[in-house]
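Containing compact mmCIF, C-alpha atoms: target35.txt.
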```txt
# COMPACT_ATOMS: atom_id res chain seq x y z
CA MET A 14 -3.13 -9.07 -23.12
CA VAL A 15 -4.90 -10.35 -26.17
CA HIS A 16 -7.10 -8.16 -28.35
CA VAL A 17 -10.70 -9.34 -28.49
CA ASP A 18 -10.36 -9.98 -32.25
CA LYS A 19 -7.46 -12.38 -31.63
CA ARG A 20 -8.86 -14.16 -28.59
CA GLU A 21 -10.06 -17.28 -30.44
CA VAL A 22 -6.84 -17.73 -32.43
CA PHE A 23 -4.81 -17.24 -29.26
CA SER A 24 -6.92 -19.75 -27.31
CA ASP A 25 -6.61 -22.30 -30.12
CA HIS A 26 -2.84 -21.85 -30.11
CA LEU A 27 -2.67 -22.42 -26.34
CA ASP A 28 -4.89 -25.50 -26.64
CA THR A 29 -2.76 -26.90 -29.47
CA HIS A 30 0.32 -26.67 -27.26
CA GLN A 31 -1.54 -27.82 -24.15
CA LEU A 32 -0.83 -24.61 -22.26
CA GLU A 33 -3.01 -23.58 -19.34
CA ARG A 34 -4.49 -20.13 -19.20
CA SER A 35 -6.49 -17.92 -16.90
CA VAL A 36 -8.00 -14.49 -17.22
CA ILE A 37 -7.00 -12.20 -14.39
CA ILE A 38 -8.55 -8.96 -15.66
CA GLN A 39 -11.49 -9.20 -18.04
CA ASP A 40 -11.27 -5.66 -19.45
CA VAL A 41 -7.86 -4.04 -19.07
CA GLU A 42 -8.84 -0.99 -21.13
CA ASP A 43 -11.75 -0.24 -18.81
CA LEU A 44 -9.52 -0.68 -15.76
CA ILE A 45 -6.97 1.77 -17.17
CA LYS A 46 -9.66 4.33 -18.03
CA ARG A 47 -11.10 4.13 -14.51
CA HIS A 48 -7.62 4.46 -12.99
CA VAL A 49 -6.79 7.50 -15.12
CA SER A 50 -10.13 9.14 -14.27
CA LYS A 51 -9.61 8.49 -10.56
CA ARG A 52 -6.07 9.94 -10.67
CA ALA A 53 -7.22 12.99 -12.62
CA ALA A 54 -9.87 13.69 -9.98
CA GLN A 55 -7.34 13.43 -7.14
CA GLN A 56 -4.74 15.83 -8.62
CA PRO A 57 -2.15 15.69 -5.84
CA GLU A 58 -0.80 19.05 -4.72
CA GLU A 59 2.81 17.89 -4.60
CA TYR A 60 4.77 16.18 -7.34
CA ASP A 61 5.65 12.60 -6.48
CA TYR A 62 9.17 11.70 -7.64
CA LEU A 63 8.70 8.05 -6.64
CA LYS A 64 5.90 7.14 -9.04
CA PHE A 65 5.13 7.23 -12.75
CA ASN A 66 4.07 10.72 -13.80
CA THR A 67 2.20 11.81 -16.88
CA PHE A 68 3.82 14.02 -19.49
CA GLU A 69 1.60 16.88 -18.35
CA SER A 70 2.57 16.55 -14.68
CA ILE A 71 6.28 16.42 -15.57
CA GLU A 72 5.90 19.51 -17.75
CA THR A 73 4.07 21.32 -14.95
CA GLU A 74 6.74 20.37 -12.39
CA LEU A 75 9.62 21.52 -14.61
CA LYS A 76 7.91 24.87 -15.23
CA LYS A 77 7.15 25.23 -11.52
CA ILE A 78 10.81 24.68 -10.62
CA ALA A 79 11.91 27.25 -13.22
CA ALA A 80 9.34 29.77 -11.96
CA GLU A 81 10.41 29.31 -8.33
CA HIS A 82 14.11 29.71 -9.22
CA PRO A 83 14.27 32.06 -12.23
CA ASP A 84 17.83 33.11 -11.37
CA MET A 85 19.19 29.58 -11.80
CA ALA A 86 16.67 27.41 -13.69
CA ARG A 87 15.10 27.57 -17.13
CA VAL A 88 12.93 25.12 -19.08
CA GLU A 89 13.96 24.65 -22.69
CA SER A 90 12.74 22.43 -25.49
CA LEU A 91 15.27 20.12 -27.14
CA GLY A 92 12.85 19.31 -29.96
CA THR A 93 9.62 17.43 -30.40
CA THR A 94 8.51 13.82 -30.20
CA TYR A 95 6.76 11.81 -32.89
CA GLU A 96 3.53 12.92 -31.19
CA ASN A 97 4.64 16.56 -31.61
CA ARG A 98 5.18 17.11 -27.88
CA ASP A 99 8.15 19.07 -26.61
CA VAL A 100 11.13 17.19 -25.21
CA TYR A 101 11.99 19.39 -22.26
CA MET A 102 15.17 19.91 -20.35
CA LEU A 103 15.67 21.88 -17.17
CA ARG A 104 18.79 24.00 -17.48
CA LEU A 105 20.45 24.73 -14.15
CA SER A 106 23.22 27.31 -13.88
CA HIS A 107 24.68 29.84 -11.49
CA ASN A 108 24.14 32.41 -14.29
CA ILE A 109 21.05 31.27 -16.21
CA THR A 110 20.92 34.29 -18.52
CA ARG A 111 24.31 33.52 -20.09
CA GLU A 112 24.56 30.91 -22.83
CA PRO A 113 26.47 27.82 -21.67
CA THR A 114 30.12 27.49 -22.63
CA LYS A 115 30.65 24.10 -20.99
CA PRO A 116 29.18 20.75 -22.06
CA ILE A 117 25.66 19.97 -20.91
CA VAL A 118 25.13 16.95 -18.66
CA LEU A 119 22.01 14.83 -19.03
CA ILE A 120 20.80 13.05 -15.92
CA ASP A 121 18.07 10.49 -16.49
CA THR A 122 17.13 7.98 -13.84
CA VAL A 123 14.74 5.14 -13.24
CA SER A 124 14.37 3.73 -9.77
```

Structure re-expressed in structure tokens:
Amino acid sequence: MVHVDKREVFSDHLDTHQLERSVIIQDVEDLIKRHVSKRAAQQPEEYDYLKFNTFESIETELKKIAAEHPDMARVESLGTTYENRDVYMLRLSHNITREPTKPIVLIDTVS
């Protein structure tokens, strides 16, 4: 992607080095906005673990799990991001009310 302000400089650079180019998507920003609007309108009832999820949907899912299993799950904040959003963890334990005495395990996965 090339910002509109840099398009001419970028094109000149490609021409100088005799590189071919083609535009696949004219306005990526517009495409993203339309996609986000469409997804927001759909609001799936079930969380999809096989796709990219927004921060808000992840937060909602973690809180839902904790609410459905209050005897063994609790959402806690580890701190905040640069954007001042909570960094959540889902604590799972056979006795969730007791403070942990064993090391905590972090499981993070990307498929």

At a cut-off of 8 Å, using all atoms listed in the file, what residues contact region 79-96 of chain A? Leave out same-chain residues fewer than 2 positions from it and give the result as JSON, numbers by chain. {"A": [75, 76, 77, 98, 99, 100, 101, 102, 103, 104, 105, 106, 107, 108, 109, 110]}

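Between CA of Val49 (chain A) and CA of Thr67 (chain A) there is a distance of 10.1 Å.
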
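The coordinates place CA of His48 (chain A) at 25.6 Å from CA of Arg34 (chain A).
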
Coordinates-based distance that separates CA of Arg20 (chain A) from CA of Leu32 (chain A) (Å, one decimal):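 These two atoms are separated by 14.6 Å.
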
Could you check the closest approach to Val36 (chain A) for each of A:Thr73, A:Thr114, A:Ser50, A:Ser24 and tell me which residue wins, using all atoms listed in the file?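 Selected residue with least distance to Val36 (chain A): A:Ser24.
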